[in-house]
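J.: Below are the structure tokens for one structure; questions will follow.
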Amino acid sequence: MELASALADHAAFFKSRERTTALAKSTLPKTPLPSLELTMAAAALGVREGTTRDVARAMARRLVIELSRGRDESLRAITVAGLADALWRTLRDELGYRVPNGSSPSPQDLAFRLVEGTLGDLVEDDWKMAPAEASRVVGELAANTRSKEAYEWLCSEYGASALSLVSEASCTYEALSTVEHVPQADEWALSRLAKDAACGTLDRKVIEELAARRAGAPCAAAYADHYAALVAMAKLDDSLKRYHAEVPAATTMEELMGGYATKWYEVDRRYRELRLRYGRVSQGRFGQILASAVDVVEARYNSFLSDCAARWQDHLLDEGPWPNASLPSQADFFRDHVIRRVPDATAGHRVGVIVSDALRYECAVDLVERLTASRVKGVANRNKTTVEARAGMVPSYTQLGMASLLPEGPMEIDPATALVSKRGLPTAGTKARQTLIDAGVSGSRAWQADELPMDLTSATTDARVVWVYHNVIDRIGDKRDTEHKTFHAVEEALAEIERLVVRLLSIGCGTVLVTSDHGFIYQDRDLESKDFADVEGLGFLKGAEGVDSERTRRFVVSDMLPKDLSLIEYTSSELSLVGGHLIGVPRGAMRLRLSGSGMRFVHGGVSPQECVVPVVVVEQTKKATDAAAHPSSVSAFPVGHPVITGPSVTLDVYQEEPVGDLVAPSTVKVGAYAKDGRLLSPSEITLELASTSASSDDRKVRVRMDLTDDVDTVDVAVLRVSARVGTSNAFKPAWERDYQVNRAFGMDF
């Protein structure tokens, strides 16, 4: 009888059989009257969650979703049934949603308070929602594909307004790194970081830790290139400082090449990564602020290129003809790597060779890391992958580089065409090279990568060497209309080479070798007059009577050359070639003027970027090898005592090993749970642990997690760090610790 008034007060509710049926089936409490009204409201909305707090969260999500779509069916249904007071009362009691005296609750105000609440302690507002509950509701909107659009609308509509309530003093990288669900926090941090970069004060540790912390945010994909560009810029700065500190001590070609192959190549790699990522960033506020910093980096990189090339040119002939006798030579590749690996054609003894045009050394190091960390069947944990550097031929262009990789013999350049013969035989084209390869190892086969047979196993039954010519980087970079896509071409090439390696391993190649004919120089800017070597008389050589001459942007081969300080002259014999012609190379990283060709992407000259040729060796093992890359181990350390006395808990997540050749990045999730598995934090925090630093302090990421009021229902909470299993979507526990819950004590203060 005490509930009889509900029949009159909420008559509209009972006119629907669907609602009354849902009310009857509900396991929520139906007494006293306020509980009955909540249960009726849940039935009216079709909410079937099992606890009062879960119902409140579901109601809040429903209101936001409908608001984002310009609809209000749920609120109207609740209002008609006389249950609006019950709705707002529940959101107040369970989620902390309140309005000032004299104000009325509304879906619009609820939406704003939800976003404001996710900012936690950064906002001082008496009417702010409970941060943990706000984060829980917004996080559930973001995590569900059906409500992701509503989440994005919510952030777009209210994110900037909520963030404007944060004081300037509270806006720090550390503070904003904890703002999980408001993308405007990323925009603020990135703009500030771009200003730091422009001022030369970008802190590598700060940006790496912030990038790792933000990697798990719902809006992470939209800003991945922004953070990656800044990380690459910070790494590039470190690499340039290292080069300038170490290179003065290198006084021989052996020391120069050793330094480049082990350390200084990092400058080229980080420049490529910066330009690739920065090119994907829209020229909004962040892009415009970062532009000045990129210009400064560009100038420093150009200086680096010129310095590298000048040092190589100074020491090229220190020990007689090039390639230097103290260095492993590209010309010995077939003898050193192919011949010694093919005693017979049985499975596991045949050799696969991939020659990728213009795959420069730093790109090959990247390839090795990808292959080492690969999870592809047939490659994962079943190969040992290494890379070595070899001195490439000069001039560093396709015809000569391709010829040098073939079985040994004297090489000669035809100055009229720049074509190369070896042992007096032509080397241009797959058919001509197949003849020479077969002469070195009988029964060998050679194809262009895009002409490989579908049934490669049958086509190579008796082949002792399977040779594949691959051309992506040079094909795209060496054209004026597409040279701006060079670094995109590198990404495409690395992916294709990975697939080719897998194919060759699958047909019984015990070893797959990946090498190149030459490298390249690429500067992502408009060149100026000072970048060109203007050699008087050079333009008249081509077509002159009695003179054979051919040239590119980076070299000229001719029967005769004009004398000029900006042109270095070599004889054929000085470059280990036969014939009486001359080779001219512009000093430093300068170009020769040539109409109709590209200018940013060049090769043919003398610089480590052009002349250090990689040899990647992928050796298949019979069983999983201990040398295979593995994700870094992960642990954590509580900050303070393992007792929960307040609204949040803090711990340091620790990446136990620096990422390197044999250690891959780790993806982890951090959360607080009840013993029965219920989540006690608003969401699980995802981190990407990819630090390469040897310092243990640099490999720590501090995580502060808000806790929902569900934590008050347990005596013990479990803080757990879970690591991704391989490349799957599954995670397994890597570290966990029990925390005693005693919030009654902590919340009194």
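Scheme for the structure tokens: letters A, B, ... for chains in order shown; per-chain residue numbers from 1; ligand numbers from 1 in order shown.
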Find the spatial neighbours of range 165-172 of chain A, counting only C-alpha atoms, within a cut-off of 12 Å - ignore same-chain residues fewer than 4 positions away - and output them as an mmCIF file with C-alpha atoms, in the first residue's frame.
T.:
```cif
data_model
loop_
_atom_site.group_PDB
_atom_site.id
_atom_site.type_symbol
_atom_site.label_atom_id
_atom_site.label_comp_id
_atom_site.auth_asym_id
_atom_site.auth_seq_id
_atom_site.Cartn_x
_atom_site.Cartn_y
_atom_site.Cartn_z
ATOM 1 C CA PHE A 112 29.400 19.435 -20.212
ATOM 2 C CA ARG A 113 29.802 18.210 -16.624
ATOM 3 C CA VAL A 115 33.698 16.330 -19.961
ATOM 4 C CA GLU A 116 34.632 18.706 -17.141
ATOM 5 C CA GLY A 117 34.721 15.803 -14.706
ATOM 6 C CA THR A 118 37.271 13.887 -16.796
ATOM 7 C CA LEU A 119 39.744 16.717 -16.117
ATOM 8 C CA GLY A 120 39.775 15.726 -12.440
ATOM 9 C CA ASP A 121 41.805 17.891 -10.078
ATOM 10 C CA LEU A 122 42.874 20.229 -12.884
ATOM 11 C CA VAL A 123 39.511 22.011 -12.565
ATOM 12 C CA GLU A 124 38.403 23.721 -9.372
ATOM 13 C CA ASP A 125 34.610 23.801 -9.543
ATOM 14 C CA LYS A 128 32.116 19.302 -11.076
ATOM 15 C CA TYR A 158 32.459 20.730 -24.882
ATOM 16 C CA GLY A 159 36.184 19.842 -24.795
ATOM 17 C CA ALA A 160 37.574 23.312 -25.417
ATOM 18 C CA SER A 161 35.162 24.935 -22.957
ATOM 19 C CA LEU A 176 47.694 16.856 -19.012
ATOM 20 C CA SER A 177 49.189 13.434 -19.671
ATOM 21 C CA THR A 178 46.557 12.070 -17.275
ATOM 22 C CA VAL A 179 43.657 13.612 -19.214
ATOM 23 C CA GLN A 184 42.033 19.309 -26.675
ATOM 24 C CA ALA A 185 44.605 18.326 -24.045
ATOM 25 C CA ASP A 186 46.704 16.841 -26.850
ATOM 26 C CA TRP A 188 47.444 22.149 -25.994
ATOM 27 C CA ALA A 189 50.435 19.903 -25.234
ATOM 28 C CA LEU A 190 51.458 19.563 -28.880
ATOM 29 C CA ARG A 192 53.457 23.908 -26.412
ATOM 30 C CA LEU A 193 55.915 21.181 -27.462
ATOM 31 C CA VAL A 206 59.410 14.527 -21.802
ATOM 32 C CA LEU A 210 54.129 11.907 -23.006
#
```
J.: Counting only C-alpha atoms, what is within 12 Å of Asp676 in chain A, bar same-chain residues fewer than 4 positions away, as a PDB file with C-alpha atoms, in the first residue's frame?
T.:
```pdb
ATOM      1  CA  ALA A 672      42.430  -1.506 -10.932  1.00  0.00           C
ATOM      2  CA  LEU A 680      37.385  -0.348 -10.373  1.00  0.00           C
ATOM      3  CA  THR A 713      32.475  -2.353  -2.233  1.00  0.00           C
ATOM      4  CA  VAL A 714      35.725  -4.331  -1.796  1.00  0.00           C
ATOM      5  CA  VAL A 716      41.152  -5.486  -1.477  1.00  0.00           C
ATOM      6  CA  ALA A 717      41.746  -4.046  -4.958  1.00  0.00           C
ATOM      7  CA  VAL A 718      44.192  -5.522  -7.465  1.00  0.00           C
TER       8      VAL A 718
END
```
J.: Which residues, written as a list in words, have at least one atom at most 10 Å from Thr427 in chain A, with only C-alpha atoms counted and residues fewer than 2 positions away on the same chain left out?
T.: Gln399, Leu400, Met402, Ala403, Ser404, Leu406, Met411, Leu419, Val420, Ser421, Lys422, Arg423, Gly424, Leu425, Gly429, Thr430, Lys431, Ala432, Arg433, Gln434, Thr435 and Leu436 of chain A
J.: Give me the residues within 7 Å of range 648-654 of chain A as a PyMOL selection string, counting only C-alpha atoms and dropping any in the same chain fewer than 3 places off.
T.: chain A and resi 634-639+644+699-707
J.: For the residues in that selection, give me all heavy atoms as a tab-separated table (two decimals), in the first residue's frame.
T.:
```
chain	number	residue	atom	x	y	z
A	634	VAL	N	58.08	-6.19	-18.43
A	634	VAL	CA	57.45	-5.04	-17.79
A	634	VAL	C	57.20	-5.34	-16.32
A	634	VAL	O	56.83	-6.46	-15.95
A	634	VAL	CB	56.10	-4.70	-18.48
A	634	VAL	CG1	55.43	-3.52	-17.78
A	634	VAL	CG2	56.32	-4.39	-19.95
A	635	SER	N	57.40	-4.36	-15.48
A	635	SER	CA	57.05	-4.48	-14.06
A	635	SER	C	56.52	-3.12	-13.60
A	635	SER	O	56.36	-2.21	-14.41
A	635	SER	CB	58.25	-4.91	-13.21
A	635	SER	OG	59.31	-3.98	-13.34
A	636	ALA	N	56.25	-2.99	-12.33
A	636	ALA	CA	55.74	-1.73	-11.81
A	636	ALA	C	56.15	-1.58	-10.35
A	636	ALA	O	56.52	-2.55	-9.69
A	636	ALA	CB	54.22	-1.67	-11.94
A	637	PHE	N	56.10	-0.34	-9.87
A	637	PHE	CA	56.45	-0.04	-8.50
A	637	PHE	C	55.39	0.88	-7.90
A	637	PHE	O	55.08	1.93	-8.48
A	637	PHE	CB	57.81	0.67	-8.42
A	637	PHE	CG	58.92	-0.12	-9.02
A	637	PHE	CD1	59.33	0.11	-10.32
A	637	PHE	CD2	59.56	-1.12	-8.30
A	637	PHE	CE1	60.36	-0.61	-10.89
A	637	PHE	CE2	60.60	-1.85	-8.85
A	637	PHE	CZ	61.00	-1.60	-10.15
A	638	PRO	N	54.81	0.51	-6.77
A	638	PRO	CA	53.83	1.41	-6.13
A	638	PRO	C	54.50	2.71	-5.72
A	638	PRO	O	55.67	2.72	-5.30
A	638	PRO	CB	53.37	0.61	-4.90
A	638	PRO	CG	53.74	-0.81	-5.19
A	638	PRO	CD	54.97	-0.76	-6.03
A	639	VAL	N	53.79	3.80	-5.86
A	639	VAL	CA	54.26	5.08	-5.35
A	639	VAL	C	53.59	5.28	-3.99
A	639	VAL	O	52.40	5.56	-3.90
A	639	VAL	CB	53.91	6.23	-6.31
A	639	VAL	CG1	54.34	7.57	-5.71
A	639	VAL	CG2	54.59	6.01	-7.66
A	644	ILE	N	44.82	1.97	-0.48
A	644	ILE	CA	43.97	2.96	-1.15
A	644	ILE	C	43.20	3.73	-0.10
A	644	ILE	O	42.35	3.16	0.60
A	644	ILE	CB	43.01	2.29	-2.14
A	644	ILE	CG1	43.80	1.64	-3.27
A	644	ILE	CG2	42.01	3.29	-2.69
A	644	ILE	CD1	42.96	0.81	-4.22
A	699	ARG	N	63.08	4.90	-18.60
A	699	ARG	CA	62.15	3.84	-19.01
A	699	ARG	C	61.00	3.66	-18.02
A	699	ARG	O	60.29	2.66	-18.07
A	699	ARG	CB	62.90	2.51	-19.20
A	699	ARG	CG	64.01	2.58	-20.23
A	699	ARG	CD	64.43	1.20	-20.72
A	699	ARG	NE	64.81	0.30	-19.66
A	699	ARG	CZ	66.03	0.23	-19.12
A	699	ARG	NH1	66.99	1.02	-19.57
A	699	ARG	NH2	66.30	-0.65	-18.16
A	700	LYS	N	60.81	4.64	-17.13
A	700	LYS	CA	59.68	4.62	-16.21
A	700	LYS	C	58.60	5.58	-16.70
A	700	LYS	O	58.90	6.68	-17.15
A	700	LYS	CB	60.11	5.04	-14.80
A	700	LYS	CG	60.99	4.02	-14.07
A	700	LYS	CD	61.36	4.55	-12.69
A	700	LYS	CE	62.28	3.57	-11.97
A	700	LYS	NZ	62.71	4.11	-10.65
A	701	VAL	N	57.36	5.15	-16.59
A	701	VAL	CA	56.23	6.01	-16.91
A	701	VAL	C	55.31	6.04	-15.69
A	701	VAL	O	54.83	4.99	-15.25
A	701	VAL	CB	55.46	5.50	-18.14
A	701	VAL	CG1	54.25	6.40	-18.41
A	701	VAL	CG2	56.36	5.44	-19.36
A	702	ARG	N	55.11	7.22	-15.14
A	702	ARG	CA	54.25	7.33	-13.95
A	702	ARG	C	52.79	7.40	-14.38
A	702	ARG	O	52.42	8.16	-15.27
A	702	ARG	CB	54.62	8.56	-13.13
A	702	ARG	CG	53.74	8.77	-11.91
A	702	ARG	CD	54.45	9.54	-10.83
A	702	ARG	NE	55.55	8.76	-10.24
A	702	ARG	CZ	56.26	9.15	-9.19
A	702	ARG	NH1	56.00	10.32	-8.61
A	702	ARG	NH2	57.24	8.39	-8.73
A	703	VAL	N	51.96	6.58	-13.75
A	703	VAL	CA	50.54	6.50	-14.08
A	703	VAL	C	49.73	6.80	-12.83
A	703	VAL	O	49.93	6.18	-11.78
A	703	VAL	CB	50.17	5.09	-14.60
A	703	VAL	CG1	48.67	4.99	-14.83
A	703	VAL	CG2	50.92	4.79	-15.88
A	704	ARG	N	48.83	7.77	-12.95
A	704	ARG	CA	47.88	8.05	-11.88
A	704	ARG	C	46.50	7.64	-12.35
A	704	ARG	O	46.04	8.07	-13.40
A	704	ARG	CB	47.86	9.52	-11.51
A	704	ARG	CG	47.17	9.78	-10.16
A	704	ARG	CD	46.68	11.19	-10.04
A	704	ARG	NE	45.47	11.40	-10.85
A	704	ARG	CZ	44.80	12.54	-10.88
A	704	ARG	NH1	45.24	13.58	-10.20
A	704	ARG	NH2	43.72	12.67	-11.63
A	705	MET	N	45.87	6.77	-11.57
A	705	MET	CA	44.57	6.23	-11.94
A	705	MET	C	43.50	6.67	-10.96
A	705	MET	O	43.64	6.47	-9.74
A	705	MET	CB	44.63	4.69	-11.95
A	705	MET	CG	44.27	4.10	-13.25
A	705	MET	SD	44.44	2.32	-13.24
A	705	MET	CE	45.48	1.96	-11.89
A	706	ASP	N	42.46	7.31	-11.47
A	706	ASP	CA	41.30	7.59	-10.64
A	706	ASP	C	40.56	6.28	-10.36
A	706	ASP	O	40.66	5.32	-11.13
A	706	ASP	CB	40.35	8.57	-11.33
A	706	ASP	CG	40.94	9.96	-11.40
A	706	ASP	OD1	41.74	10.30	-10.51
A	706	ASP	OD2	40.60	10.70	-12.35
A	707	LEU	N	39.82	6.25	-9.27
A	707	LEU	CA	39.06	5.06	-8.89
A	707	LEU	C	37.58	5.42	-8.80
A	707	LEU	O	37.22	6.48	-8.28
A	707	LEU	CB	39.54	4.52	-7.54
A	707	LEU	CG	41.02	4.13	-7.49
A	707	LEU	CD1	41.46	3.92	-6.05
A	707	LEU	CD2	41.28	2.87	-8.31
```
J.: Leaving out Asn324 in chain A and any residue of its chain fewer than 4 positions from it, which residues lie within 10 Å of it when counting only C-alpha atoms, given as a PyMOL selection string?
T.: chain A and resi 253-254+315-320+328-329+391+575-576
J.: Okay, now the selection with N, CA and C atoms, as a PDB file, in the first residue's frame?
T.:
```pdb
ATOM      1  N   MET A 253      89.419   6.567 -43.656  1.00  0.00           N
ATOM      2  CA  MET A 253      88.170   6.107 -44.249  1.00  0.00           C
ATOM      3  C   MET A 253      87.580   4.949 -43.455  1.00  0.00           C
ATOM      4  N   GLU A 254      88.422   4.091 -42.903  1.00  0.00           N
ATOM      5  CA  GLU A 254      87.924   2.969 -42.103  1.00  0.00           C
ATOM      6  C   GLU A 254      87.171   3.476 -40.874  1.00  0.00           C
ATOM      7  N   HIS A 315      89.158  11.532 -47.926  1.00  0.00           N
ATOM      8  CA  HIS A 315      89.868  10.293 -47.559  1.00  0.00           C
ATOM      9  C   HIS A 315      89.629   9.139 -48.539  1.00  0.00           C
ATOM     10  N   LEU A 316      88.934   9.409 -49.648  1.00  0.00           N
ATOM     11  CA  LEU A 316      88.533   8.320 -50.539  1.00  0.00           C
ATOM     12  C   LEU A 316      89.729   7.533 -51.061  1.00  0.00           C
ATOM     13  N   LEU A 317      90.814   8.194 -51.405  1.00  0.00           N
ATOM     14  CA  LEU A 317      91.955   7.519 -52.039  1.00  0.00           C
ATOM     15  C   LEU A 317      93.174   7.455 -51.125  1.00  0.00           C
ATOM     16  N   ASP A 318      92.946   7.494 -49.802  1.00  0.00           N
ATOM     17  CA  ASP A 318      94.071   7.456 -48.863  1.00  0.00           C
ATOM     18  C   ASP A 318      94.906   6.193 -48.999  1.00  0.00           C
ATOM     19  N   GLU A 319      94.294   5.080 -49.332  1.00  0.00           N
ATOM     20  CA  GLU A 319      95.012   3.801 -49.392  1.00  0.00           C
ATOM     21  C   GLU A 319      95.027   3.232 -50.804  1.00  0.00           C
ATOM     22  N   GLY A 320      95.021   4.094 -51.788  1.00  0.00           N
ATOM     23  CA  GLY A 320      95.055   3.607 -53.163  1.00  0.00           C
ATOM     24  C   GLY A 320      93.672   3.604 -53.771  1.00  0.00           C
ATOM     25  N   PRO A 328      85.287  -3.823 -46.414  1.00  0.00           N
ATOM     26  CA  PRO A 328      84.567  -4.819 -47.221  1.00  0.00           C
ATOM     27  C   PRO A 328      83.921  -4.122 -48.414  1.00  0.00           C
ATOM     28  N   SER A 329      84.078  -4.723 -49.605  1.00  0.00           N
ATOM     29  CA  SER A 329      83.651  -4.055 -50.830  1.00  0.00           C
ATOM     30  C   SER A 329      82.380  -4.662 -51.411  1.00  0.00           C
ATOM     31  N   ALA A 391      81.468  -1.008 -48.784  1.00  0.00           N
ATOM     32  CA  ALA A 391      81.805   0.171 -49.572  1.00  0.00           C
ATOM     33  C   ALA A 391      81.299  -0.013 -50.992  1.00  0.00           C
ATOM     34  N   LEU A 575      89.205   4.251 -59.407  1.00  0.00           N
ATOM     35  CA  LEU A 575      87.924   3.733 -58.915  1.00  0.00           C
ATOM     36  C   LEU A 575      87.755   2.253 -59.245  1.00  0.00           C
ATOM     37  N   SER A 576      88.881   1.568 -59.491  1.00  0.00           N
ATOM     38  CA  SER A 576      88.905   0.114 -59.766  1.00  0.00           C
ATOM     39  C   SER A 576      88.116  -0.247 -61.018  1.00  0.00           C
TER      40      SER A 576
END
```
J.: Which residues are near Met59 in chain A? Cut-off 8 Å, only C-alpha atoms, ignore same chain within fewer than 2 positions. Put them as a list in words.
T.: Ala42, Leu45, Val47, Val55, Ala56, Arg57, Arg61, Arg62, Leu63 and Leu87 of chain A
J.: Please report the interatomic distance between CA of Leu592 in chain A and CA of Val535 in chain A in Å with one decimal.
T.: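 Rounded to one decimal, the two atoms are 7.9 Å apart.
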J.: Would you return as a ChimeraX atom specification the members of range 445-497 of chain A that DSSP assigns to strand (DSSP E) on this structure's backbone?
T.: /A:445-448,465-470
J.: Wanna dump the range 436-471 of chain A-range 501-524 of chain A contacts at 12 Å for me, each residue with its shortest atom pair and the distance in Å to one decimal, counting only C-alpha atoms, ordered by chain and number, as a tab-separated table?
T.:
```
residue	atom	partner	partner_atom	distance
A:Ala449	CA	A:Arg503	CA	11.2
A:Leu452	CA	A:Arg503	CA	10.3
A:Pro453	CA	A:Arg503	CA	11.2
A:Met454	CA	A:Arg503	CA	10.5
A:Asp455	CA	A:Ile507	CA	9.8
A:Leu456	CA	A:Ile507	CA	7.2
A:Thr457	CA	A:Ile507	CA	5.4
A:Ser458	CA	A:Ile507	CA	9.0
A:Ala459	CA	A:Ile507	CA	10.0
A:Thr460	CA	A:Ile507	CA	8.0
A:Thr461	CA	A:Ile507	CA	8.8
A:Asp462	CA	A:Gly508	CA	11.2
A:Ala463	CA	A:Cys509	CA	10.0
A:Arg464	CA	A:Cys509	CA	8.9
A:Val465	CA	A:Cys509	CA	8.5
A:Val466	CA	A:Leu504	CA	8.0
A:Trp467	CA	A:Leu513	CA	9.4
A:Val468	CA	A:Val514	CA	9.5
A:Tyr469	CA	A:Ser516	CA	9.5
A:His470	CA	A:Ser516	CA	9.3
A:Asn471	CA	A:Ser516	CA	10.0
```
J.: Take the selection from the previous step and output its residues with N, CA, C and O atoms, as a PDB file, in the first residue's frame.
T.:
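Done, and the output landed in selection32.pdb:
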```pdb
ATOM      1  N   ALA A 449      60.959  -8.381 -59.337  1.00  0.00           N
ATOM      2  CA  ALA A 449      60.028  -8.713 -58.249  1.00  0.00           C
ATOM      3  C   ALA A 449      58.588  -8.779 -58.730  1.00  0.00           C
ATOM      4  O   ALA A 449      57.822  -9.649 -58.296  1.00  0.00           O
ATOM      5  N   LEU A 452      57.694 -12.263 -60.595  1.00  0.00           N
ATOM      6  CA  LEU A 452      57.897 -13.571 -59.971  1.00  0.00           C
ATOM      7  C   LEU A 452      56.730 -14.504 -60.292  1.00  0.00           C
ATOM      8  O   LEU A 452      55.563 -14.090 -60.251  1.00  0.00           O
ATOM      9  N   PRO A 453      57.011 -15.782 -60.597  1.00  0.00           N
ATOM     10  CA  PRO A 453      55.921 -16.734 -60.878  1.00  0.00           C
ATOM     11  C   PRO A 453      55.039 -16.926 -59.652  1.00  0.00           C
ATOM     12  O   PRO A 453      55.500 -16.856 -58.512  1.00  0.00           O
ATOM     13  N   MET A 454      53.761 -17.166 -59.889  1.00  0.00           N
ATOM     14  CA  MET A 454      52.845 -17.436 -58.783  1.00  0.00           C
ATOM     15  C   MET A 454      53.291 -18.675 -58.024  1.00  0.00           C
ATOM     16  O   MET A 454      53.326 -18.699 -56.797  1.00  0.00           O
ATOM     17  N   ASP A 455      53.642 -19.731 -58.783  1.00  0.00           N
ATOM     18  CA  ASP A 455      54.131 -20.970 -58.174  1.00  0.00           C
ATOM     19  C   ASP A 455      55.655 -20.920 -58.151  1.00  0.00           C
ATOM     20  O   ASP A 455      56.329 -21.509 -58.991  1.00  0.00           O
ATOM     21  N   LEU A 456      56.199 -20.187 -57.189  1.00  0.00           N
ATOM     22  CA  LEU A 456      57.642 -19.991 -57.130  1.00  0.00           C
ATOM     23  C   LEU A 456      58.367 -21.277 -56.744  1.00  0.00           C
ATOM     24  O   LEU A 456      59.505 -21.500 -57.164  1.00  0.00           O
ATOM     25  N   THR A 457      57.704 -22.124 -55.989  1.00  0.00           N
ATOM     26  CA  THR A 457      58.329 -23.390 -55.579  1.00  0.00           C
ATOM     27  C   THR A 457      58.658 -24.252 -56.795  1.00  0.00           C
ATOM     28  O   THR A 457      59.785 -24.758 -56.944  1.00  0.00           O
ATOM     29  N   SER A 458      57.698 -24.427 -57.678  1.00  0.00           N
ATOM     30  CA  SER A 458      57.927 -25.240 -58.880  1.00  0.00           C
ATOM     31  C   SER A 458      58.948 -24.598 -59.792  1.00  0.00           C
ATOM     32  O   SER A 458      59.769 -25.282 -60.422  1.00  0.00           O
ATOM     33  N   ALA A 459      58.929 -23.273 -59.878  1.00  0.00           N
ATOM     34  CA  ALA A 459      59.824 -22.566 -60.795  1.00  0.00           C
ATOM     35  C   ALA A 459      61.273 -22.574 -60.319  1.00  0.00           C
ATOM     36  O   ALA A 459      62.180 -22.278 -61.097  1.00  0.00           O
ATOM     37  N   THR A 460      61.505 -22.935 -59.055  1.00  0.00           N
ATOM     38  CA  THR A 460      62.873 -22.891 -58.518  1.00  0.00           C
ATOM     39  C   THR A 460      63.328 -24.252 -57.998  1.00  0.00           C
ATOM     40  O   THR A 460      64.227 -24.330 -57.168  1.00  0.00           O
ATOM     41  N   THR A 461      62.729 -25.317 -58.514  1.00  0.00           N
ATOM     42  CA  THR A 461      63.021 -26.656 -57.989  1.00  0.00           C
ATOM     43  C   THR A 461      64.510 -26.957 -57.948  1.00  0.00           C
ATOM     44  O   THR A 461      65.043 -27.465 -56.944  1.00  0.00           O
ATOM     45  N   ASP A 462      65.223 -26.665 -59.036  1.00  0.00           N
ATOM     46  CA  ASP A 462      66.653 -26.995 -59.117  1.00  0.00           C
ATOM     47  C   ASP A 462      67.550 -25.776 -58.975  1.00  0.00           C
ATOM     48  O   ASP A 462      68.755 -25.861 -59.206  1.00  0.00           O
ATOM     49  N   ALA A 463      66.979 -24.648 -58.633  1.00  0.00           N
ATOM     50  CA  ALA A 463      67.766 -23.409 -58.565  1.00  0.00           C
ATOM     51  C   ALA A 463      68.602 -23.374 -57.296  1.00  0.00           C
ATOM     52  O   ALA A 463      68.094 -23.611 -56.205  1.00  0.00           O
ATOM     53  N   ARG A 464      69.870 -23.061 -57.461  1.00  0.00           N
ATOM     54  CA  ARG A 464      70.742 -22.928 -56.297  1.00  0.00           C
ATOM     55  C   ARG A 464      70.731 -21.501 -55.749  1.00  0.00           C
ATOM     56  O   ARG A 464      70.943 -21.274 -54.567  1.00  0.00           O
ATOM     57  N   VAL A 465      70.523 -20.553 -56.643  1.00  0.00           N
ATOM     58  CA  VAL A 465      70.410 -19.152 -56.243  1.00  0.00           C
ATOM     59  C   VAL A 465      69.166 -18.576 -56.900  1.00  0.00           C
ATOM     60  O   VAL A 465      68.960 -18.720 -58.103  1.00  0.00           O
ATOM     61  N   VAL A 466      68.323 -17.952 -56.083  1.00  0.00           N
ATOM     62  CA  VAL A 466      67.117 -17.288 -56.586  1.00  0.00           C
ATOM     63  C   VAL A 466      67.326 -15.792 -56.399  1.00  0.00           C
ATOM     64  O   VAL A 466      67.395 -15.296 -55.276  1.00  0.00           O
ATOM     65  N   TRP A 467      67.434 -15.090 -57.510  1.00  0.00           N
ATOM     66  CA  TRP A 467      67.828 -13.676 -57.505  1.00  0.00           C
ATOM     67  C   TRP A 467      66.619 -12.834 -57.877  1.00  0.00           C
ATOM     68  O   TRP A 467      65.996 -13.050 -58.906  1.00  0.00           O
ATOM     69  N   VAL A 468      66.292 -11.841 -57.031  1.00  0.00           N
ATOM     70  CA  VAL A 468      65.113 -11.002 -57.266  1.00  0.00           C
ATOM     71  C   VAL A 468      65.535  -9.532 -57.295  1.00  0.00           C
ATOM     72  O   VAL A 468      66.164  -9.038 -56.352  1.00  0.00           O
ATOM     73  N   TYR A 469      65.184  -8.860 -58.386  1.00  0.00           N
ATOM     74  CA  TYR A 469      65.451  -7.427 -58.504  1.00  0.00           C
ATOM     75  C   TYR A 469      64.188  -6.649 -58.139  1.00  0.00           C
ATOM     76  O   TYR A 469      63.131  -6.873 -58.721  1.00  0.00           O
ATOM     77  N   HIS A 470      64.352  -5.743 -57.180  1.00  0.00           N
ATOM     78  CA  HIS A 470      63.213  -5.003 -56.623  1.00  0.00           C
ATOM     79  C   HIS A 470      63.454  -3.506 -56.801  1.00  0.00           C
ATOM     80  O   HIS A 470      64.550  -3.002 -56.516  1.00  0.00           O
ATOM     81  N   ASN A 471      62.468  -2.783 -57.265  1.00  0.00           N
ATOM     82  CA  ASN A 471      62.676  -1.368 -57.552  1.00  0.00           C
ATOM     83  C   ASN A 471      61.444  -0.554 -57.165  1.00  0.00           C
ATOM     84  O   ASN A 471      60.450  -0.527 -57.892  1.00  0.00           O
TER      85      ASN A 471
END
```
J.: Quick one: residues within 9 Å of Pro415 in chain A, only C-alpha atoms, excluding same-chain residues fewer than 3 positions away - as number ranges by chain?
T.: A: 418-419, 547-551, 556-559, 581-582
J.: Measuring between only C-alpha atoms, which one of A:Tyr97, A:Trp153, A:Gly440, A:Tyr260 shows the shortest distance to Arg340 in chain A?
T.: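 The shortest atom-to-atom distance to Arg340 in chain A comes from A:Gly440.
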J.: Just to confirm, what's the straight-line distance from CA of Lys479 in chain A to CA of Gly598 in chain A in Å (one decimal)?
T.: 5.7 Å
J.: If you run DSSP on this backbone, which residues of range 319-479 of chain A come out as helix (DSSP H, G or I), and could you give them as JSON, numbers by chain?
T.: {"A": [330, 331, 332, 333, 334, 335, 336, 337, 338, 339, 340, 341, 361, 362, 363, 364, 365, 366, 367, 368, 369, 370, 371, 372, 398, 399, 400, 401, 402, 403, 404, 430, 431, 432, 433, 434, 435, 436, 437, 438, 439, 440, 449, 450, 451, 456, 457, 458, 459, 473, 474, 475, 476, 477]}
